[in-house]
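S.K.: entry.txt (compact mmCIF, C-alpha atoms) pasted underneath:
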```txt
# COMPACT_ATOMS: atom_id res chain seq x y z
CA MET D 1 -17.58 -56.90 60.88
CA ARG D 2 -21.26 -57.27 59.93
CA LYS D 3 -21.17 -60.97 60.91
CA LEU D 4 -19.71 -60.57 64.40
CA SER D 5 -21.76 -62.22 67.12
CA LYS D 6 -22.74 -60.21 70.19
CA LEU D 7 -20.13 -62.12 72.18
CA GLY D 8 -17.47 -61.46 69.53
CA LEU D 9 -18.32 -57.76 69.41
CA SER D 10 -18.19 -57.48 73.19
CA THR D 11 -14.84 -59.23 73.24
CA LEU D 12 -13.48 -56.91 70.56
CA LEU D 13 -14.67 -53.82 72.42
CA ALA D 14 -13.22 -55.03 75.69
CA GLY D 15 -9.89 -55.66 74.01
CA ALA D 16 -9.85 -52.33 72.21
CA LEU D 17 -10.79 -50.26 75.23
CA ALA D 18 -9.25 -52.13 78.15
CA ALA D 19 -5.78 -53.14 76.90
CA PRO D 20 -3.41 -50.51 78.33
CA ALA D 21 -0.86 -50.64 75.51
CA MET D 22 -3.54 -50.38 72.82
CA ALA D 23 -5.39 -47.58 74.62
CA GLN D 24 -2.28 -45.43 74.80
CA ASP D 25 -1.32 -45.63 71.11
CA GLY D 26 -0.86 -42.15 69.72
CA VAL D 27 -0.68 -40.37 73.08
CA THR D 28 2.42 -39.01 74.78
CA ALA D 29 2.88 -36.45 77.52
CA THR D 30 3.02 -33.68 74.92
CA GLU D 31 1.28 -34.97 71.79
CA ILE D 32 -1.81 -36.65 70.39
CA LEU D 33 -1.35 -38.35 66.99
CA ILE D 34 -4.41 -38.29 64.76
CA GLY D 35 -4.32 -39.86 61.30
CA SER D 36 -6.26 -39.45 58.08
CA HIS D 37 -6.11 -41.04 54.63
CA THR D 38 -7.67 -38.81 52.01
CA ALA D 39 -7.46 -37.53 48.43
CA LEU D 40 -4.95 -34.70 48.12
CA SER D 41 -4.66 -35.59 44.44
CA GLY D 42 -6.92 -37.22 41.87
CA PRO D 43 -10.56 -36.63 40.87
CA VAL D 44 -11.88 -35.64 44.31
CA SER D 45 -8.87 -33.71 45.62
CA ALA D 46 -11.06 -30.64 46.23
CA TRP D 47 -12.81 -32.59 48.96
CA GLY D 48 -9.62 -34.02 50.44
CA ILE D 49 -7.71 -30.74 50.46
CA GLY D 50 -10.64 -28.73 51.81
CA ALA D 51 -11.34 -31.25 54.56
CA THR D 52 -7.70 -31.42 55.59
CA GLU D 53 -7.21 -27.66 55.64
CA GLY D 54 -10.41 -27.08 57.60
CA THR D 55 -9.42 -29.65 60.21
CA ARG D 56 -5.84 -28.34 60.46
CA MET D 57 -7.15 -24.83 60.96
CA ARG D 58 -9.13 -25.88 64.03
CA PHE D 59 -6.28 -27.99 65.42
CA ASP D 60 -3.81 -25.12 64.98
CA GLU D 61 -6.14 -22.89 66.96
CA ALA D 62 -6.34 -25.48 69.74
CA ASN D 63 -2.57 -25.99 69.72
CA GLU D 64 -1.98 -22.33 70.54
CA LYS D 65 -2.83 -23.11 74.17
CA GLY D 66 -2.77 -26.91 74.07
CA ILE D 67 -5.18 -29.52 75.43
CA HIS D 68 -4.20 -30.66 78.92
CA GLY D 69 -0.57 -29.95 78.09
CA ARG D 70 -0.66 -31.72 74.73
CA LYS D 71 -0.78 -30.60 71.12
CA ILE D 72 -2.51 -32.39 68.27
CA LYS D 73 -0.38 -33.69 65.43
CA LEU D 74 -2.41 -34.52 62.32
CA ILE D 75 -0.74 -37.02 59.98
CA VAL D 76 -2.35 -37.04 56.53
CA GLU D 77 -1.67 -39.59 53.80
CA ASP D 78 -2.76 -39.06 50.19
CA HIS D 79 -4.50 -42.00 48.50
CA GLY D 80 -5.63 -40.15 45.37
CA TYR D 81 -9.07 -41.81 45.71
CA GLN D 82 -7.52 -45.21 44.94
CA VAL D 83 -8.35 -48.19 47.15
CA PRO D 84 -4.89 -49.88 47.08
CA ARG D 85 -3.23 -46.64 48.12
CA ALA D 86 -5.82 -46.16 50.87
CA VAL D 87 -4.96 -49.60 52.26
CA GLN D 88 -1.26 -48.75 52.23
CA ALA D 89 -1.89 -45.39 53.86
CA ALA D 90 -4.08 -46.86 56.60
CA ASN D 91 -1.51 -49.59 57.32
CA LYS D 92 1.16 -46.95 57.79
CA LEU D 93 -0.99 -44.80 60.05
CA ILE D 94 -2.19 -47.68 62.20
CA ASN D 95 0.85 -49.95 62.37
CA SER D 96 3.78 -47.59 61.95
CA ASP D 97 2.60 -44.20 63.19
CA LYS D 98 0.32 -45.86 65.77
CA ILE D 99 -2.29 -43.14 65.67
CA PHE D 100 -4.78 -42.52 68.46
CA ILE D 101 -7.80 -42.25 66.15
CA MET D 102 -8.53 -42.13 62.41
CA LEU D 103 -10.28 -38.86 61.53
CA GLY D 104 -11.91 -37.73 58.31
CA ALA D 105 -10.81 -40.66 56.15
CA LEU D 106 -12.21 -39.97 52.69
CA GLY D 107 -14.13 -42.24 50.36
CA THR D 108 -16.67 -45.05 50.74
CA PRO D 109 -14.62 -47.75 48.93
CA GLN D 110 -11.47 -46.62 50.71
CA ASN D 111 -13.01 -46.73 54.19
CA ASN D 112 -14.73 -50.04 53.56
CA ALA D 113 -11.43 -51.56 52.40
CA VAL D 114 -9.57 -50.73 55.61
CA LEU D 115 -12.22 -50.77 58.33
CA GLY D 116 -11.96 -54.48 59.05
CA GLU D 117 -8.31 -54.40 60.13
CA GLN D 118 -8.58 -50.92 61.59
CA LEU D 119 -11.37 -51.87 63.97
CA GLN D 120 -9.64 -55.10 64.90
CA LYS D 121 -6.64 -53.04 65.94
CA GLY D 122 -8.93 -50.93 68.12
CA VAL D 123 -8.50 -47.68 66.16
CA PRO D 124 -11.73 -45.63 66.18
CA ASN D 125 -13.02 -44.35 62.83
CA ILE D 126 -14.25 -40.84 63.52
CA PHE D 127 -16.26 -38.56 61.19
CA PRO D 128 -15.14 -40.08 57.86
CA PHE D 129 -15.61 -38.07 54.68
CA THR D 130 -18.23 -40.37 53.29
CA ALA D 131 -21.91 -40.52 54.17
CA ALA D 132 -22.17 -44.26 53.49
CA ARG D 133 -24.36 -46.22 55.88
CA SER D 134 -21.45 -48.52 56.70
CA MET D 135 -19.75 -45.67 58.55
CA ALA D 136 -22.30 -46.02 61.38
CA GLU D 137 -24.26 -49.17 60.51
CA PRO D 138 -24.33 -51.78 61.80
CA PHE D 139 -23.60 -50.21 65.16
CA HIS D 140 -19.99 -50.56 66.27
CA PRO D 141 -18.43 -48.98 69.37
CA LEU D 142 -15.55 -47.57 67.31
CA LYS D 143 -17.50 -46.00 64.41
CA PHE D 144 -18.87 -42.44 64.55
CA ALA D 145 -20.41 -40.40 61.70
CA GLN D 146 -21.50 -36.77 61.53
CA PHE D 147 -24.45 -36.10 59.25
CA SER D 148 -27.21 -37.89 57.30
CA THR D 149 -26.31 -40.72 54.95
CA TYR D 150 -26.31 -40.70 51.15
CA TYR D 151 -29.07 -43.29 51.36
CA ASP D 152 -31.25 -40.99 53.46
CA GLN D 153 -30.52 -38.01 51.23
CA VAL D 154 -31.40 -39.70 47.92
CA ARG D 155 -34.45 -41.47 49.29
CA SER D 156 -35.89 -38.24 50.68
CA ALA D 157 -34.97 -36.29 47.52
CA THR D 158 -36.54 -38.93 45.27
CA LYS D 159 -39.72 -38.87 47.34
CA HIS D 160 -39.75 -35.07 47.12
CA PHE D 161 -39.57 -35.04 43.32
CA VAL D 162 -42.13 -37.82 42.91
CA GLU D 163 -44.65 -36.18 45.23
CA LYS D 164 -43.96 -32.48 44.67
CA GLU D 165 -42.82 -32.42 41.03
CA ARG D 166 -44.75 -35.45 39.76
CA LYS D 167 -41.67 -37.18 38.42
CA SER D 168 -42.44 -40.75 37.37
CA LYS D 169 -39.57 -41.97 35.19
CA ILE D 170 -36.86 -42.38 37.80
CA CYS D 171 -33.32 -43.27 36.76
CA THR D 172 -29.88 -43.42 38.34
CA MET D 173 -26.37 -42.72 37.13
CA TYR D 174 -23.60 -43.64 39.50
CA GLN D 175 -19.99 -44.60 39.99
CA ASP D 176 -19.70 -48.38 39.93
CA THR D 177 -18.22 -48.44 43.43
CA ASP D 178 -19.41 -48.91 47.00
CA PHE D 179 -20.22 -45.19 46.99
CA GLY D 180 -22.36 -45.36 43.86
CA HIS D 181 -24.15 -48.48 45.07
CA GLU D 182 -25.37 -46.53 48.12
CA ILE D 183 -27.16 -44.13 45.79
CA ARG D 184 -28.46 -46.93 43.56
CA ASP D 185 -29.87 -48.81 46.55
CA GLY D 186 -31.53 -45.72 48.00
CA VAL D 187 -33.25 -44.91 44.72
CA ARG D 188 -34.39 -48.50 44.20
CA GLU D 189 -35.90 -48.63 47.68
CA GLN D 190 -37.68 -45.31 47.35
CA ALA D 191 -39.02 -46.15 43.89
CA LYS D 192 -40.45 -49.34 45.35
CA ALA D 193 -41.98 -47.41 48.25
CA SER D 194 -43.53 -44.99 45.74
CA LYS D 195 -44.90 -47.91 43.71
CA LEU D 196 -42.72 -47.01 40.75
CA GLU D 197 -39.98 -48.80 38.85
CA VAL D 198 -36.49 -47.53 38.14
CA VAL D 199 -36.66 -46.99 34.38
CA SER D 200 -32.93 -47.19 33.70
CA GLU D 201 -29.55 -47.27 35.44
CA ALA D 202 -26.15 -46.25 34.05
CA THR D 203 -22.74 -46.74 35.60
CA TYR D 204 -19.22 -45.44 35.05
CA GLY D 205 -15.79 -45.64 36.67
CA PRO D 206 -14.56 -43.13 39.25
CA GLN D 207 -11.72 -42.06 36.95
CA ASP D 208 -13.91 -41.75 33.82
CA THR D 209 -14.12 -38.42 31.98
CA GLU D 210 -16.33 -39.46 29.04
CA PHE D 211 -20.08 -39.61 29.69
CA VAL D 212 -21.73 -39.73 26.26
CA ALA D 213 -22.63 -43.43 26.52
CA PRO D 214 -24.34 -43.38 29.95
CA ILE D 215 -26.11 -40.08 29.25
CA THR D 216 -27.34 -41.34 25.86
CA LYS D 217 -28.65 -44.50 27.52
CA LEU D 218 -30.66 -42.54 30.07
CA LYS D 219 -31.91 -40.02 27.53
CA SER D 220 -33.15 -42.84 25.30
CA ALA D 221 -35.02 -44.32 28.26
CA GLY D 222 -36.99 -41.09 28.65
CA CYS D 223 -35.95 -40.41 32.23
CA ASP D 224 -37.43 -37.30 33.84
CA LEU D 225 -35.41 -37.64 37.08
CA VAL D 226 -31.80 -38.82 37.27
CA VAL D 227 -30.40 -39.34 40.76
CA MET D 228 -26.62 -39.27 40.62
CA GLY D 229 -23.94 -41.11 42.54
CA SER D 230 -21.36 -38.56 41.47
CA ILE D 231 -18.94 -36.23 43.23
CA ILE D 232 -17.51 -32.97 41.82
CA ARG D 233 -15.77 -33.40 38.49
CA ASP D 234 -18.05 -36.19 37.28
CA SER D 235 -21.18 -34.25 38.24
CA ILE D 236 -20.09 -31.29 36.13
CA GLN D 237 -18.99 -33.42 33.19
CA ALA D 238 -22.12 -35.58 33.19
CA VAL D 239 -24.58 -32.68 33.34
CA GLY D 240 -22.48 -30.79 30.80
CA THR D 241 -22.67 -33.76 28.45
CA ALA D 242 -26.45 -33.92 28.83
CA LYS D 243 -26.78 -30.27 27.89
CA LYS D 244 -24.46 -30.65 24.91
CA LEU D 245 -26.67 -33.50 23.72
CA GLY D 246 -29.71 -31.23 23.98
CA TRP D 247 -31.28 -33.07 26.89
CA GLY D 248 -33.03 -30.31 28.78
CA ASP D 249 -36.30 -31.85 29.98
CA VAL D 250 -34.77 -33.79 32.85
CA THR D 251 -33.92 -33.09 36.49
CA PHE D 252 -30.52 -34.13 37.84
CA VAL D 253 -30.10 -34.48 41.59
CA GLY D 254 -27.04 -35.47 43.59
CA GLN D 255 -26.21 -35.89 47.28
CA ALA D 256 -23.65 -34.60 49.79
CA ALA D 257 -20.63 -35.60 47.69
CA SER D 258 -21.78 -33.34 44.84
CA TYR D 259 -22.88 -30.53 47.13
CA ASP D 260 -19.94 -28.18 46.75
CA PRO D 261 -19.66 -24.53 45.65
CA ILE D 262 -17.26 -25.69 42.93
CA VAL D 263 -20.16 -27.59 41.34
CA ALA D 264 -22.59 -24.69 41.66
CA ALA D 265 -20.13 -22.21 40.18
CA ALA D 266 -19.02 -24.35 37.23
CA PRO D 267 -18.10 -22.17 34.21
CA GLY D 268 -20.81 -21.05 31.81
CA GLY D 269 -23.62 -21.69 34.27
CA ILE D 270 -23.62 -25.30 33.18
CA MET D 271 -24.97 -26.54 36.52
CA GLU D 272 -27.93 -24.16 36.74
CA GLY D 273 -30.97 -26.11 37.93
CA PHE D 274 -28.92 -28.98 39.38
CA TYR D 275 -30.12 -30.25 42.76
CA SER D 276 -28.30 -31.94 45.58
CA GLY D 277 -29.11 -33.41 48.95
CA THR D 278 -26.85 -32.66 51.90
CA GLY D 279 -26.57 -33.04 55.65
CA MET D 280 -25.23 -29.53 56.32
CA PRO D 281 -25.93 -26.50 54.10
CA TYR D 282 -22.95 -24.54 52.78
CA ALA D 283 -22.46 -21.07 54.27
CA TYR D 284 -21.57 -18.39 51.72
CA PRO D 285 -19.57 -15.79 53.66
CA ASP D 286 -21.18 -12.74 52.02
CA THR D 287 -24.61 -13.74 53.31
CA SER D 288 -23.51 -15.24 56.64
CA SER D 289 -22.84 -14.08 60.18
CA ASP D 290 -19.82 -11.99 61.11
CA ALA D 291 -18.28 -15.08 62.73
CA ILE D 292 -18.48 -17.04 59.47
CA LYS D 293 -17.19 -14.06 57.49
CA ALA D 294 -14.18 -13.85 59.80
CA TRP D 295 -13.63 -17.61 59.63
CA SER D 296 -13.79 -17.60 55.82
CA ALA D 297 -11.31 -14.72 55.59
CA LYS D 298 -8.93 -16.51 57.93
CA TYR D 299 -9.22 -19.72 55.91
CA LYS D 300 -8.46 -17.89 52.67
CA GLU D 301 -5.49 -16.12 54.24
CA ARG D 302 -4.09 -19.50 55.32
CA THR D 303 -4.73 -21.45 52.13
CA LYS D 304 -5.07 -18.82 49.38
CA GLN D 305 -8.32 -20.57 48.46
CA ASP D 306 -11.98 -19.98 49.23
CA ALA D 307 -13.38 -22.47 51.72
CA ASN D 308 -15.58 -25.14 50.14
CA SER D 309 -18.11 -27.48 51.74
CA ALA D 310 -15.37 -29.92 52.74
CA ALA D 311 -13.46 -27.18 54.57
CA GLN D 312 -16.54 -26.33 56.62
CA TYR D 313 -17.19 -30.01 57.38
CA GLY D 314 -13.53 -30.45 58.33
CA TYR D 315 -13.56 -27.51 60.70
CA VAL D 316 -16.74 -28.77 62.38
CA GLY D 317 -15.23 -32.23 62.81
CA GLY D 318 -12.02 -30.75 64.18
CA ASP D 319 -13.94 -28.57 66.61
CA MET D 320 -15.84 -31.55 67.98
CA ILE D 321 -12.60 -33.48 68.42
CA VAL D 322 -11.10 -30.59 70.39
CA LYS D 323 -14.15 -30.40 72.66
CA VAL D 324 -14.12 -34.15 73.22
CA LEU D 325 -10.38 -34.22 74.00
CA GLU D 326 -10.87 -31.41 76.50
CA ALA D 327 -13.74 -33.28 78.13
CA ALA D 328 -11.81 -36.58 78.22
CA GLY D 329 -9.30 -35.10 80.64
CA LYS D 330 -5.55 -35.22 81.10
CA ASP D 331 -5.31 -38.99 81.62
CA LEU D 332 -6.25 -39.62 78.00
CA THR D 333 -7.18 -43.10 76.79
CA ARG D 334 -9.33 -44.27 73.93
CA ALA D 335 -11.97 -45.42 76.42
CA LYS D 336 -12.18 -41.93 77.94
CA PHE D 337 -12.19 -40.30 74.51
CA LEU D 338 -15.08 -42.50 73.29
CA ALA D 339 -17.05 -41.93 76.50
CA ALA D 340 -16.63 -38.17 76.10
CA LEU D 341 -17.76 -38.36 72.48
CA GLU D 342 -20.82 -40.38 73.43
CA ALA D 343 -21.61 -37.68 76.00
CA LEU D 344 -21.61 -34.91 73.38
CA LYS D 345 -25.16 -33.57 73.11
CA ASP D 346 -26.77 -30.87 70.99
CA TYR D 347 -23.49 -29.69 69.50
CA ARG D 348 -24.32 -26.71 67.28
CA PRO D 349 -21.83 -26.02 64.47
CA MET D 350 -20.82 -22.47 63.60
CA PHE D 351 -22.31 -23.09 60.17
CA PRO D 352 -26.03 -23.50 59.40
CA GLY D 353 -27.48 -26.95 59.79
CA PRO D 354 -28.63 -29.45 62.39
CA SER D 355 -27.27 -29.96 65.88
CA LEU D 356 -25.37 -33.18 66.50
CA SER D 357 -25.80 -35.56 69.43
CA TYR D 358 -24.26 -38.89 70.35
CA GLY D 359 -24.89 -41.58 72.92
CA PRO D 360 -23.83 -45.11 73.93
CA LYS D 361 -26.08 -46.54 71.21
CA GLN D 362 -26.21 -43.50 68.90
CA HIS D 363 -23.13 -42.92 66.74
CA GLN D 364 -24.78 -40.98 63.89
CA GLY D 365 -24.75 -37.31 64.88
CA SER D 366 -27.72 -36.27 62.74
CA SER D 367 -30.10 -37.81 60.21
CA ALA D 368 -31.50 -34.51 58.89
CA SER D 369 -31.47 -34.09 55.10
CA PHE D 370 -31.65 -30.84 53.13
CA LEU D 371 -32.30 -30.28 49.43
CA ALA D 372 -30.57 -27.46 47.57
CA LYS D 373 -30.70 -26.12 44.01
CA VAL D 374 -28.15 -24.24 41.93
CA GLU D 375 -29.47 -20.75 41.18
CA GLY D 376 -27.21 -18.03 39.83
CA GLY D 377 -24.11 -20.14 40.39
CA ARG D 378 -24.86 -20.63 44.09
CA TRP D 379 -26.59 -23.23 46.22
CA LYS D 380 -30.00 -22.30 47.57
CA VAL D 381 -31.67 -24.59 50.13
CA ILE D 382 -35.23 -25.23 49.00
CA ALA D 383 -36.34 -27.90 51.49
CA GLU D 384 -35.27 -28.76 55.05
CA ASN D 385 -35.53 -31.83 57.26
CA LEU D 386 -36.76 -34.06 54.45
CA LEU D 387 -38.09 -37.49 55.36
CA TYR D 388 -39.04 -40.59 53.40
```
Could you express the structure from this file as structure tokens?
M.R.:
Amino acid sequence: MRKLSKLGLSTLLAGALAAPAMAQDGVTATEILIGSHTALSGPVSAWGIGATEGTRMRFDEANEKGIHGRKIKLIVEDHGYQVPRAVQAANKLINSDKIFIMLGALGTPQNNAVLGEQLQKGVPNIFPFTAARSMAEPFHPLKFAQFSTYYDQVRSATKHFVEKERKSKICTMYQDTDFGHEIRDGVREQAKASKLEVVSEATYGPQDTEFVAPITKLKSAGCDLVVMGSIIRDSIQAVGTAKKLGWGDVTFVGQAASYDPIVAAAPGGIMEGFYSGTGMPYAYPDTSSDAIKAWSAKYKERTKQDANSAAQYGYVGGDMIVKVLEAAGKDLTRAKFLAALEALKDYRPMFPGPSLSYGPKQHQGSSASFLAKVEGGRWKVIAENLLY
């Protein structure tokens, strides 16, 4: 899609939005079909399950009264964070289920693998659970993202530690995937901007559970800042390995994918002092508003689990979809849905964080980055609206 000419892109958009049969996929007189491929199993299932449950919670609320006489049906396919399974899942949702939109699809490699065909078929990709730049860049009329990108988060965090903490031996450790490469590229660019060199880089596979080799490599290089392209399990295991090896004089910092209360509350306080960038701070119910307390209690009653970051993101995304569907009107088409989404301005989530706005040429809801630190098993935001 990156190589489409302006004429080709215009033709694609016209076909996706104007063709009556295509525009009506996933919409009946009583139902709206929304699809998602995510990780309900595998190494990042906490993100997939939380996101799905948060979104379902909001849709169930909306379905109590309906949206212009229709109810939302969310069809979720588990890909276990595996690209081949994501391709299979997306094919089913698009070609068999004939969904109206794809919502909250999880994973950078997984989204990148299916976006080409998905966009050709005219199926919008809405609020995916990845902060990769490719989810909104280059601009495409069918791609919409919520919060700041991994690239923005790690660049601003790296600049913060270089300028505020005087870190000079910058290193990266990342999954050798499209996701990890986003972090690698952001760190390389910021190091260059800061007139520094990346001292060392270490990679690993998304299914790996052994981190002695990459941690030993970085320790030997004398890194004082390690920016990580890791998610939940691998963040905990990597930092745990570093501490077991006696490497204490180093700062580890992640990004939105590692910003989860599961990471902060890892057993034994192993993640104390770990940092992470994010686009929306996590709201702990015991220190939040009554509305968030009530929401968190309702979520736990439904799922028997405490809400994590993904659940809050999922609920926010679901809420925006409900508002957009209401604004799009009864005669629902993809063209009207996209126009209503582009008209959404200054949307303020229930949870703390930035407002989100969209427009005809603005499909990234927010570019604000926050930096948080694990203190006492909880995330504490230490810097807001970071820039690079």
S.K.: Within 9 Å of (-0.2, -45.0, 59.9), in the coordinates the file gives, what residues turn up when you count all atoms listed in the file, written out as a list in words?
M.R.: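 Output of the proximity query reads Gly35, Ser36, His37, Ile75, Val76, Glu77, Gln88, Ala89, Ala90, Asn91, Lys92, Leu93, Ile94, Asn95, Ser96, Asp97, Lys98 and Ile99 of chain D.
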S.K.: Counting only C-alpha atoms, figure out which residue out of D:Cys171, D:Leu33, D:Leu115, D:Ile183 gets nearest to Ile231 (chain D).
M.R.: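 Among D:Cys171, D:Leu33, D:Leu115, D:Ile183, it is D:Ile183 that comes nearest to Ile231 (chain D).
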S.K.: As an exercise, work out the distance from CA of Ala343 (chain D) to CA of Gly359 (chain D) in Å and give it to one decimal place.
M.R.: 6.0 Å
S.K.: To one decimal place in Å, what is the distance between CA of Arg85 (chain D) and CA of Gly317 (chain D)?
M.R.: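 Those two atoms sit 23.8 Å apart.
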S.K.: Hey, which of D:Thr130, D:Gln255, D:Ser235, D:Thr241 ends up closest to Gly186 (chain D)? Count only C-alpha atoms.
M.R.: D:Gln255
S.K.: Give me, as an MDAnalysis selection string, all polymer residues having an atom no more than 6 Å from region 58-64 of chain D, counting only C-alpha atoms and skipping those fewer than 2 positions away in the same chain.
M.R.: chainID D and resid 55:56 66 71 315 318
S.K.: I'd like the contact shell of Asp286 (chain D) - 12 Å cut-off, only C-alpha atoms, skipping same-chain residues fewer than 3 positions apart - returned as a list in words.
M.R.: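 Result of the neighbour search: Tyr282, Ala283, Ser289, Asp290, Ala291, Ile292, Lys293, Ala294, Trp295, Ser296, Ala297 and Arg378 of chain D.
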S.K.: What lies within 7 Å of region 363-365 of chain D using all atoms listed in the file, ignoring chain neighbours under 4 positions off, as number ranges by chain?
M.R.: D: 136, 143-147, 356-359
S.K.: Can you work out the spacing between CA of Arg188 (chain D) and CA of Ala157 (chain D) in Å, to one decimal?
M.R.: 12.7 Å
S.K.: Please check which residues have atoms at most 9 Å from (-29.7, -44.8, 47.8) in the file's coordinates, counting all atoms listed in the file, and write them as a list in words.
M.R.: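 The requested residues, written out, are Thr149, Tyr150, Tyr151, Asp152, Gln153, Val154, Arg155, Gly180, His181, Glu182, Ile183, Arg184, Asp185, Gly186, Val187, Arg188, Glu189, Gln190, Val227 and Gly229 of chain D.
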S.K.: Would you mind listing what lies within 6 Å of Ile34 (chain D) as a list in words, with all atoms listed in the file counted and same-chain residues fewer than 5 positions away left out?
M.R.: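 Using all atoms listed in the file, the neighbours found are Leu74, Ile99, Phe100 and Ile101 of chain D.
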